[in-house]
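Here is entry.cif, consisting of mmCIF, C-alpha atoms and all ligand atoms:
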```
data_final
#
loop_
_atom_site.label_atom_id
_atom_site.label_comp_id
_atom_site.auth_asym_id
_atom_site.auth_seq_id
_atom_site.Cartn_x
_atom_site.Cartn_y
_atom_site.Cartn_z
CA MET K 108 38.49 56.63 -44.25
CA SER K 109 36.43 53.52 -43.58
CA ARG K 110 33.10 53.03 -45.29
CA PHE K 111 31.44 53.44 -41.89
CA PHE K 112 32.59 57.01 -41.16
CA SER K 113 29.54 59.23 -40.85
CA ASN K 114 28.99 61.53 -43.78
CA LYS K 115 28.21 64.32 -41.32
CA PHE K 116 32.01 64.71 -41.25
CA ASP K 117 32.44 64.94 -45.02
CA LYS K 118 33.82 68.47 -44.89
CA LEU K 119 35.73 68.12 -41.63
CA GLU K 120 39.43 68.89 -41.81
CA PRO K 121 40.96 68.07 -38.43
CA TYR K 122 43.14 70.56 -36.59
CA VAL K 123 46.86 69.99 -37.17
CA PRO K 124 48.86 70.48 -33.95
CA GLY K 125 52.43 71.82 -34.10
CA GLU K 126 55.19 69.23 -34.39
CA GLN K 127 56.17 67.34 -31.21
CA PRO K 128 59.25 65.52 -32.53
CA LYS K 129 60.36 62.34 -30.79
CA ASP K 130 63.65 61.84 -32.62
CA VAL K 131 65.93 64.88 -32.58
CA LYS K 132 66.26 67.21 -29.61
CA TYR K 133 65.18 70.56 -31.00
CA ILE K 134 64.97 73.99 -29.44
CA LYS K 135 61.19 74.09 -29.51
CA LEU K 136 59.83 77.49 -30.41
CA ASN K 137 56.82 76.14 -32.31
CA THR K 138 53.91 75.45 -29.94
CA ASN K 139 53.93 78.35 -27.48
CA GLU K 140 54.85 76.23 -24.48
CA SER K 141 56.62 77.81 -21.53
CA PRO K 142 60.39 77.31 -21.48
CA PHE K 143 60.22 77.16 -17.66
CA ALA K 144 59.54 74.01 -15.62
CA PRO K 145 56.54 73.83 -13.29
CA SER K 146 57.25 75.04 -9.74
CA SER K 147 58.51 72.53 -7.16
CA ALA K 148 55.10 72.56 -5.41
CA VAL K 149 53.51 71.33 -8.65
CA ILE K 150 56.03 68.53 -9.04
CA ARG K 151 55.48 67.45 -5.41
CA ALA K 152 51.71 67.51 -5.94
CA ALA K 153 52.02 65.27 -9.00
CA GLU K 154 54.15 62.74 -7.11
CA LEU K 155 51.73 62.63 -4.19
CA GLU K 156 48.62 62.32 -6.34
CA ALA K 157 50.11 59.53 -8.47
CA SER K 158 49.62 57.15 -5.53
CA ARG K 159 45.85 57.77 -5.61
CA LEU K 160 45.24 57.12 -9.28
CA GLN K 161 43.06 54.09 -8.60
CA LEU K 162 40.32 56.57 -7.62
CA TYR K 163 38.28 58.63 -10.06
CA SER K 164 38.90 62.35 -10.04
CA ASP K 165 36.47 64.83 -8.47
CA PRO K 166 33.78 65.44 -11.12
CA ASP K 167 33.20 68.93 -9.67
CA VAL K 168 36.92 69.73 -9.92
CA GLN K 169 36.23 71.80 -6.83
CA ASP K 170 39.86 72.55 -5.89
CA ILE K 171 40.46 74.20 -9.26
CA CYS K 172 37.17 76.13 -9.25
CA ASP K 173 37.99 77.41 -5.75
CA ALA K 174 41.56 78.36 -6.70
CA ILE K 175 40.50 80.22 -9.86
CA ALA K 176 37.65 81.91 -8.00
CA GLY K 177 40.10 83.10 -5.35
CA LEU K 178 42.52 84.38 -7.96
CA TYR K 179 39.97 86.45 -9.92
CA GLY K 180 37.50 87.41 -7.18
CA VAL K 181 34.65 85.44 -8.73
CA SER K 182 32.52 82.67 -7.26
CA PRO K 183 33.47 78.97 -7.78
CA ASP K 184 30.17 78.41 -9.60
CA GLU K 185 31.27 80.99 -12.16
CA VAL K 186 34.14 78.69 -13.23
CA LEU K 187 34.07 75.68 -15.56
CA PRO K 188 37.15 73.42 -15.50
CA SER K 189 38.24 71.54 -18.61
CA ASN K 190 40.79 69.26 -20.21
CA GLY K 191 42.81 72.09 -21.77
CA SER K 192 41.01 75.19 -22.96
CA ASP K 193 40.35 73.51 -26.32
CA GLU K 194 37.73 71.43 -24.53
CA THR K 195 36.00 74.50 -23.07
CA LEU K 196 35.95 76.06 -26.53
CA ASN K 197 34.32 72.96 -27.95
CA PHE K 198 31.80 72.87 -25.07
CA ALA K 199 30.89 76.50 -25.79
CA PHE K 200 30.45 75.84 -29.53
CA MET K 201 28.26 72.82 -28.65
CA ALA K 202 26.22 74.62 -26.00
CA PHE K 203 25.50 77.95 -27.69
CA CYS K 204 25.85 77.53 -31.46
CA ASP K 205 23.79 75.70 -34.06
CA LYS K 206 22.29 76.24 -37.52
CA ASN K 207 20.20 79.15 -36.22
CA ASN K 208 22.93 80.54 -33.97
CA PRO K 209 26.01 80.90 -36.17
CA ILE K 210 29.41 82.14 -35.05
CA CYS K 211 32.01 84.55 -36.43
CA PHE K 212 35.71 85.07 -35.81
CA PRO K 213 38.71 86.70 -37.53
CA ASP K 214 39.96 85.07 -40.75
CA ILE K 215 43.41 84.82 -39.24
CA SER K 216 43.12 83.41 -35.75
CA TYR K 217 43.30 80.16 -33.84
CA GLY K 218 42.99 77.35 -36.39
CA PHE K 219 40.70 75.32 -34.16
CA TYR K 220 37.71 77.71 -34.43
CA PRO K 221 36.66 76.64 -37.95
CA VAL K 222 37.28 73.00 -36.97
CA PHE K 223 34.94 73.24 -33.96
CA ALA K 224 32.35 74.94 -36.19
CA GLU K 225 32.58 72.20 -38.85
CA PHE K 226 32.60 69.45 -36.25
CA ASN K 227 29.40 70.76 -34.68
CA ASN K 228 27.78 71.65 -38.00
CA ILE K 229 27.67 75.37 -37.21
CA PRO K 230 27.66 78.01 -39.96
CA TYR K 231 30.56 80.42 -39.48
CA GLU K 232 31.80 83.70 -40.89
CA GLU K 233 35.48 84.62 -41.04
CA ILE K 234 35.95 88.38 -40.76
CA PRO K 235 39.16 89.66 -42.42
CA LEU K 236 41.77 91.31 -40.24
CA LYS K 237 42.78 94.81 -41.29
CA GLU K 238 45.75 95.33 -43.60
CA ASP K 239 48.07 95.66 -40.58
CA PHE K 240 46.74 92.36 -39.12
CA SER K 241 44.81 94.09 -36.35
CA ILE K 242 41.18 93.32 -35.49
CA ASP K 243 38.78 96.20 -36.17
CA TYR K 244 36.49 95.88 -33.16
CA ARG K 245 33.76 97.79 -35.04
CA ASP K 246 33.42 94.79 -37.40
CA TYR K 247 32.01 92.87 -34.41
CA CYS K 248 29.81 95.55 -32.83
CA GLY K 249 26.08 94.81 -33.20
CA LYS K 250 27.00 91.74 -35.24
CA GLY K 251 23.98 89.67 -34.20
CA LYS K 252 25.99 86.42 -34.26
CA ASN K 253 27.95 84.57 -31.63
CA ILE K 254 31.57 85.71 -31.60
CA VAL K 255 34.89 84.19 -30.62
CA ILE K 256 37.99 86.36 -30.45
CA ALA K 257 41.41 85.39 -29.17
CA ASN K 258 42.85 88.30 -27.17
CA PRO K 259 45.78 88.50 -27.76
CA ASN K 260 45.07 87.03 -31.17
CA ALA K 261 47.03 84.05 -32.48
CA PRO K 262 49.21 83.82 -34.48
CA THR K 263 49.62 87.61 -34.68
CA GLY K 264 50.07 88.25 -30.94
CA MET K 265 48.20 91.57 -31.29
CA ALA K 266 45.77 92.54 -28.52
CA LEU K 267 42.65 94.69 -28.32
CA PRO K 268 42.29 97.08 -25.37
CA LEU K 269 39.62 96.14 -22.84
CA TRP K 270 37.29 99.00 -23.79
CA GLN K 271 37.03 97.65 -27.34
CA ILE K 272 36.30 94.15 -26.05
CA GLU K 273 33.61 95.66 -23.83
CA GLU K 274 32.04 97.48 -26.81
CA ILE K 275 31.78 94.15 -28.64
CA ILE K 276 30.15 92.43 -25.64
CA LYS K 277 27.81 95.35 -24.90
CA SER K 278 26.63 95.71 -28.48
CA ASN K 279 25.72 92.02 -28.87
CA PRO K 280 23.49 91.45 -25.82
CA ASP K 281 21.56 88.59 -27.47
CA ASN K 282 24.64 86.65 -28.53
CA ILE K 283 27.44 84.87 -26.78
CA VAL K 284 30.86 86.55 -26.93
CA ILE K 285 33.78 84.23 -26.18
CA ILE K 286 37.08 85.90 -25.36
CA ASP K 287 39.88 83.34 -25.62
CA GLU K 288 42.60 84.60 -23.29
CA ALA K 289 45.10 81.76 -23.73
CA TYR K 290 47.93 84.34 -23.89
CA VAL K 291 46.56 87.15 -21.73
CA ASP K 292 49.13 86.81 -18.92
CA PHE K 293 51.96 88.02 -21.15
CA GLY K 294 50.76 91.62 -21.27
CA ALA K 295 47.15 92.06 -22.46
CA GLN K 296 44.11 93.17 -20.42
CA SER K 297 41.76 90.44 -19.20
CA ALA K 298 37.99 90.67 -19.57
CA VAL K 299 37.36 88.42 -16.53
CA GLY K 300 36.22 91.43 -14.48
CA LEU K 301 33.36 91.99 -16.95
CA ILE K 302 31.56 88.71 -16.25
CA LYS K 303 29.69 90.34 -13.34
CA LYS K 304 28.36 92.97 -15.74
CA TYR K 305 27.50 90.93 -18.85
CA ASP K 306 25.59 87.66 -18.93
CA ASN K 307 26.64 86.97 -22.55
CA LEU K 308 30.41 86.88 -21.90
CA ILE K 309 32.61 83.77 -21.61
CA VAL K 310 36.30 84.25 -20.84
CA ILE K 311 38.49 81.23 -21.54
CA GLN K 312 41.96 80.76 -20.09
CA THR K 313 44.51 77.97 -19.84
CA PHE K 314 47.33 76.63 -17.67
CA SER K 315 49.21 75.61 -20.84
CA LYS K 316 51.19 78.78 -21.50
CA SER K 317 51.78 81.10 -18.54
CA ARG K 318 51.58 78.27 -15.99
CA SER K 319 53.93 75.75 -17.66
CA MET K 320 51.34 72.93 -17.73
CA ALA K 321 50.64 72.29 -21.43
CA GLY K 322 51.21 68.56 -20.91
CA ALA K 323 48.76 68.34 -17.99
CA ARG K 324 45.81 69.71 -20.02
CA LEU K 325 44.00 72.21 -17.81
CA GLY K 326 41.82 75.07 -18.99
CA TYR K 327 38.73 76.85 -17.73
CA ALA K 328 35.95 79.24 -18.56
CA VAL K 329 34.78 82.11 -16.37
CA ALA K 330 31.24 83.35 -16.96
CA CYS K 331 27.98 84.06 -15.13
CA LYS K 332 26.44 81.16 -13.25
CA ASP K 333 23.75 80.36 -15.84
CA ILE K 334 26.31 80.04 -18.64
CA ILE K 335 28.52 77.84 -16.46
CA ASN K 336 25.48 75.65 -15.73
CA ASP K 337 24.89 75.22 -19.47
CA LEU K 338 28.54 74.37 -20.06
CA ASN K 339 28.35 71.86 -17.21
CA THR K 340 25.32 70.25 -18.83
CA VAL K 341 27.47 69.60 -21.90
CA ARG K 342 30.45 68.53 -19.76
CA PHE K 343 28.44 66.04 -17.70
CA SER K 344 26.85 64.72 -20.90
CA THR K 345 30.19 63.96 -22.51
CA ASN K 346 32.98 63.44 -19.96
CA PRO K 347 32.23 64.15 -16.29
CA TYR K 348 35.78 63.20 -15.20
CA ASN K 349 37.33 65.48 -17.80
CA VAL K 350 40.11 66.70 -15.51
CA ASN K 351 42.29 63.94 -14.06
CA ARG K 352 43.48 63.69 -10.45
CA MET K 353 47.10 64.61 -11.11
CA THR K 354 46.13 67.66 -13.13
CA ILE K 355 43.72 68.87 -10.45
CA ALA K 356 46.43 68.56 -7.78
CA CYS K 357 49.04 70.26 -10.00
CA GLY K 358 46.69 73.07 -11.02
CA ALA K 359 45.80 73.91 -7.42
CA ALA K 360 49.51 73.88 -6.50
CA ALA K 361 50.30 76.15 -9.46
CA ILE K 362 47.78 78.75 -8.29
CA SER K 363 49.33 78.68 -4.84
CA ASP K 364 52.66 79.52 -6.52
CA ASN K 365 51.22 82.32 -8.63
CA ASP K 366 54.11 84.73 -8.01
CA TYR K 367 56.57 82.27 -9.59
CA TYR K 368 54.48 82.06 -12.75
CA MET K 369 53.79 85.77 -13.04
CA SER K 370 57.50 86.46 -12.67
CA ASN K 371 58.18 83.96 -15.51
CA CYS K 372 55.63 85.84 -17.66
CA LYS K 373 57.48 89.08 -17.00
CA THR K 374 60.78 87.48 -18.04
CA ILE K 375 59.17 86.12 -21.22
CA ALA K 376 57.70 89.55 -22.06
CA GLU K 377 61.16 91.13 -21.64
CA THR K 378 62.80 88.45 -23.78
CA ARG K 379 60.05 88.97 -26.39
CA GLU K 380 60.87 92.68 -26.69
CA TYR K 381 64.61 91.92 -26.86
CA THR K 382 64.02 89.35 -29.63
CA LYS K 383 61.69 91.70 -31.53
CA LYS K 384 64.32 94.43 -31.62
CA ALA K 385 67.06 91.99 -32.68
CA LEU K 386 64.86 90.66 -35.53
CA GLU K 387 64.02 94.19 -36.65
CA ASP K 388 67.75 94.94 -36.75
CA MET K 389 68.03 91.99 -39.17
CA ASN K 390 65.42 93.52 -41.51
CA PHE K 391 62.38 91.61 -40.23
CA GLU K 392 58.91 93.05 -39.96
CA VAL K 393 57.65 92.03 -36.52
CA LEU K 394 54.06 92.57 -35.37
CA PRO K 395 53.57 94.18 -31.93
CA SER K 396 52.92 91.20 -29.63
CA LYS K 397 51.39 90.92 -26.16
CA ALA K 398 51.74 87.12 -26.21
CA ASN K 399 54.57 84.62 -25.59
CA PHE K 400 55.38 84.55 -29.30
CA LEU K 401 56.26 86.86 -32.19
CA PHE K 402 54.84 86.84 -35.68
CA ALA K 403 57.55 87.97 -38.05
CA ARG K 404 58.48 88.21 -41.72
CA SER K 405 61.97 88.51 -43.12
CA ARG K 406 62.39 90.92 -46.01
CA ASN K 407 65.28 88.75 -47.23
CA ILE K 408 64.09 85.14 -47.06
CA GLY K 409 60.71 83.42 -47.51
CA GLY K 410 58.83 82.15 -44.46
CA LYS K 411 58.88 78.50 -45.45
CA LEU K 412 62.56 78.49 -46.37
CA LEU K 413 63.51 80.12 -43.06
CA TYR K 414 61.40 77.57 -41.18
CA GLU K 415 63.11 74.69 -43.05
CA LYS K 416 66.63 76.06 -42.57
CA LEU K 417 66.03 76.59 -38.86
CA LYS K 418 64.74 73.03 -38.56
CA GLN K 419 67.91 71.72 -40.24
CA ASN K 420 69.78 73.63 -37.54
CA GLY K 421 67.80 72.07 -34.68
CA ILE K 422 65.32 74.90 -34.11
CA LEU K 423 61.57 74.51 -34.61
CA ILE K 424 59.30 77.48 -35.28
CA ARG K 425 55.75 77.46 -36.69
CA HIS K 426 55.02 78.11 -40.35
CA PHE K 427 51.49 78.35 -41.76
CA GLU K 428 50.65 77.68 -45.42
CA LYS K 429 47.70 80.10 -45.51
CA GLU K 430 48.24 82.50 -48.45
CA ARG K 431 48.06 85.80 -46.55
CA ILE K 432 50.55 84.77 -43.88
CA LYS K 433 52.86 82.39 -45.70
CA ASP K 434 55.81 84.78 -45.52
CA TYR K 435 55.49 85.01 -41.75
CA ASN K 436 56.54 82.63 -39.02
CA ARG K 437 55.35 82.35 -35.45
CA ILE K 438 58.23 82.17 -33.01
CA THR K 439 57.58 81.14 -29.42
CA ILE K 440 59.63 83.03 -26.85
CA GLY K 441 61.97 80.66 -25.04
CA THR K 442 64.68 81.41 -22.48
CA LYS K 443 67.10 84.25 -23.22
CA GLU K 444 69.76 81.63 -24.09
CA GLN K 445 67.44 79.83 -26.51
CA MET K 446 66.58 83.13 -28.19
CA GLU K 447 70.28 84.03 -28.51
CA THR K 448 70.87 80.69 -30.27
CA PHE K 449 67.83 81.32 -32.46
CA LEU K 450 69.02 84.83 -33.39
CA ASP K 451 72.58 83.68 -34.11
CA THR K 452 71.24 80.89 -36.33
CA VAL K 453 68.91 83.26 -38.21
CA LYS K 454 71.87 85.58 -38.78
CA LYS K 455 73.96 82.74 -40.24
CA ILE K 456 71.07 81.57 -42.44
CA LEU K 457 70.59 85.09 -43.81
CA GLU K 458 74.33 85.46 -44.49
CA ASP K 459 74.42 82.11 -46.37
CA ASN K 460 71.31 83.10 -48.30
CA ILE K 461 72.77 86.28 -49.81
N1 LIG K 501 43.39 79.21 -27.71
C1 LIG K 501 44.44 79.62 -28.41
C2 LIG K 501 44.38 80.95 -29.09
C3 LIG K 501 45.56 78.79 -28.54
O1 LIG K 501 46.61 79.17 -29.28
C4 LIG K 501 45.58 77.54 -27.87
C5 LIG K 501 46.80 76.66 -27.96
N2 LIG K 501 46.94 75.87 -29.04
C6 LIG K 501 44.44 77.16 -27.16
C7 LIG K 501 43.37 78.03 -27.08
C8 LIG K 501 44.32 75.82 -26.51
O2 LIG K 501 45.23 75.60 -25.53
P1 LIG K 501 45.05 74.42 -24.47
O3 LIG K 501 44.01 73.45 -25.00
O4 LIG K 501 46.40 73.82 -24.34
O5 LIG K 501 44.57 75.09 -23.22
#
```
Any chance you could put this one into structure tokens?
Ligand code: PMP
Amino acid sequence: MSRFFSNKFDKLEPYVPGEQPKDVKYIKLNTNESPFAPSSAVIRAAELEASRLQLYSDPDVQDICDAIAGLYGVSPDEVLPSNGSDETLNFAFMAFCDKNNPICFPDISYGFYPVFAEFNNIPYEEIPLKEDFSIDYRDYCGKGKNIVIANPNAPTGMALPLWQIEEIIKSNPDNIVIIDEAYVDFGAQSAVGLIKKYDNLIVIQTFSKSRSMAGARLGYAVACKDIINDLNTVRFSTNPYNVNRMTIACGAAAISDNDYYMSNCKTIAETREYTKKALEDMNFEVLPSKANFLFARSRNIGGKLLYEKLKQNGILIRHFEKERIKDYNRITIGTKEQMETFLDTVKKILEDNI
């Protein structure tokens, strides 16, 4: 740290992204990317748009707002486009939270939430998950604080039914409730339909997982018009060209190919259930997941050791050091072939370990 770094960041511990190795070619099951390539329309859109990169992008990101609005039956001014959904999350923390408007979230959830809170100097409360790693929605009802919940949650993959999400929103009318739906397309129920009913709801989604565009960085929020206006005030005060030209073109093309992506999600959900069963047959405890990953613990080998052995065998999964979950690993669902290789390798590791 230089001697010039502001002491407002004294307690800030930056978010640590999953490994993106540049040396060895791994089977990457560690950052919840899609194993499927973008559709051909997206690739064509990128090529075409590359020739126009001397021009700034559209600060209104109108094509994306229109496409999302069409997809969910909302109005384009109920959509805020962003550079990945991480940016929307940060905008929402900036816009609606401060010393007098704290935020709460589950103790085991997306690791960026406490970082955004620290970064913006916002007091936060971490509410413990239940023994079985589920969220007790009653812990959030009438909470009187802003709330962010990932649904499905990460890294557990477990989802709350929509009626419980609605209870949380309804019972906190004077606070913002952010539902982070990064993984919703793999089997959970979306709260997008509720934005017409509740002016305190922000639903956040991303093109990174179900739409195979993690590298393009495209996310968005859906909320009532007034909330979107506030988020746009923050956006235009920080980075008005936050979504680049190629990403706008690719995102619009991806929405026009929605069937392709939804069919990929179905395949991933099927492969997830296949992998879950196979892991259970090898004496793993596997949480019920509605996401494109599994959270699993072997009863025969520690989480860290399994992660290390898999890495030696060319397979990356995600291990977290946090005490309560250190025996678990998060395994992204790849193609069926990748998961067969993963399962075979786990089997060999377990045999060698006995
Ligand atoms: N929310 C959750 C729960 C996530 O796991 C992620 C991915 N790391 C994000 C949001 C952010 O994704 P992106 O910025 O790629 O849209």
Exercise. What lies within 10 Å of Thr452 (chain K) using all atoms listed in the file, ignoring chain neighbours under 5 positions off, as a list in words?
Worked result: Lys416, Leu417, Asn420, Gly421, Ile422, Met446, Glu447, Leu457 and Glu458 of chain K
Check which residues of chain K sit at most 9 Å from ligand LIG 501 (chain K) using all atoms listed in the file, and return one row each with the closest pair of atoms and their distance in Å to one decimal, ordered by chain and rising number, as a Markdown table.
```
| residue | atom | partner | partner_atom | distance |
| --- | --- | --- | --- | --- |
| K:Pro124 | CA | K:LIG501 | N2 | 7.5 |
| K:Gly125 | CA | K:LIG501 | N2 | 8.5 |
| K:Thr138 | CA | K:LIG501 | N2 | 7.0 |
| K:Asn139 | CA | K:LIG501 | C5 | 7.3 |
| K:Glu140 | CA | K:LIG501 | C5 | 8.8 |
| K:Ser189 | CA | K:LIG501 | O5 | 8.6 |
| K:Asn190 | CA | K:LIG501 | O3 | 7.1 |
| K:Gly191 | CA | K:LIG501 | O3 | 3.7 |
| K:Ser192 | CA | K:LIG501 | O5 | 3.6 |
| K:Asp193 | CA | K:LIG501 | O3 | 3.9 |
| K:Glu194 | CA | K:LIG501 | O3 | 6.6 |
| K:Thr195 | CA | K:LIG501 | O3 | 8.3 |
| K:Leu196 | CA | K:LIG501 | C7 | 7.7 |
| K:Ser216 | CA | K:LIG501 | C2 | 7.2 |
| K:Tyr217 | CA | K:LIG501 | C2 | 4.9 |
| K:Gly218 | CA | K:LIG501 | O1 | 8.2 |
| K:Phe219 | CA | K:LIG501 | N1 | 8.0 |
| K:Tyr220 | CA | K:LIG501 | N1 | 8.9 |
| K:Ile256 | CA | K:LIG501 | C2 | 8.5 |
| K:Ala257 | CA | K:LIG501 | C2 | 5.3 |
| K:Asn258 | CA | K:LIG501 | C2 | 7.7 |
| K:Pro259 | CA | K:LIG501 | C2 | 7.8 |
| K:Asn260 | CA | K:LIG501 | C2 | 6.5 |
| K:Ala261 | CA | K:LIG501 | C2 | 5.3 |
| K:Pro262 | CA | K:LIG501 | O1 | 7.4 |
| K:Asp287 | CA | K:LIG501 | N1 | 5.8 |
| K:Glu288 | CA | K:LIG501 | N1 | 7.0 |
| K:Ala289 | CA | K:LIG501 | N1 | 5.0 |
| K:Tyr290 | CA | K:LIG501 | C2 | 7.2 |
| K:Ile311 | CA | K:LIG501 | C7 | 8.0 |
| K:Gln312 | CA | K:LIG501 | O5 | 7.0 |
| K:Thr313 | CA | K:LIG501 | O5 | 4.4 |
| K:Phe314 | CA | K:LIG501 | O5 | 6.4 |
| K:Ser315 | CA | K:LIG501 | O4 | 4.8 |
| K:Lys316 | CA | K:LIG501 | O4 | 7.5 |
| K:Met320 | CA | K:LIG501 | O4 | 8.3 |
| K:Ala321 | CA | K:LIG501 | O4 | 5.4 |
| K:Gly322 | CA | K:LIG501 | O4 | 7.9 |
| K:Ala323 | CA | K:LIG501 | O4 | 8.7 |
| K:Arg324 | CA | K:LIG501 | O4 | 6.0 |
| K:Leu325 | CA | K:LIG501 | O5 | 6.2 |
| K:Gly326 | CA | K:LIG501 | O5 | 5.0 |
| K:Tyr327 | CA | K:LIG501 | O5 | 8.2 |
```
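Taking CA of Lys429 (chain K) as the reference point, CA of Leu450 (chain K) is found at 25.0 Å.
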Problem set entry | Within 12 Å of Ser370 (chain K) using only C-alpha atoms, minus same-chain residues under 5 positions, as a ChimeraX atom specification | /K:143,146,292-293,317-318,364-365,375-377
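Residue nearest Cys211 (chain K), chosen from K:Glu233, K:Glu387, K:Asp167, K:Asp459 and counting only C-alpha atoms: K:Glu233.
Applying the 6 Å criterion to (35.4, 87.8, -13.3) in file coordinates and using only C-alpha atoms, one obtains the residues Tyr179, Val181, Val299, Gly300, Leu301 and Ile302 of chain K.
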Show me as a PDB file with C-alpha atoms, in the frame of the given file the residues that reach within 6 Å of (55.1, 76.8, -33.3), counting all atoms listed in the file and using the file's own coordinates.
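Now in out28.pdb:
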```
ATOM      1  CA  GLY K 125      52.430  71.820 -34.100  1.00  0.00           C
ATOM      2  CA  LEU K 136      59.830  77.490 -30.410  1.00  0.00           C
ATOM      3  CA  ASN K 137      56.820  76.140 -32.310  1.00  0.00           C
ATOM      4  CA  THR K 138      53.910  75.450 -29.940  1.00  0.00           C
ATOM      5  CA  ILE K 424      59.300  77.480 -35.280  1.00  0.00           C
ATOM      6  CA  ARG K 425      55.750  77.460 -36.690  1.00  0.00           C
ATOM      7  CA  ARG K 437      55.350  82.350 -35.450  1.00  0.00           C
TER       8      ARG K 437
END
```
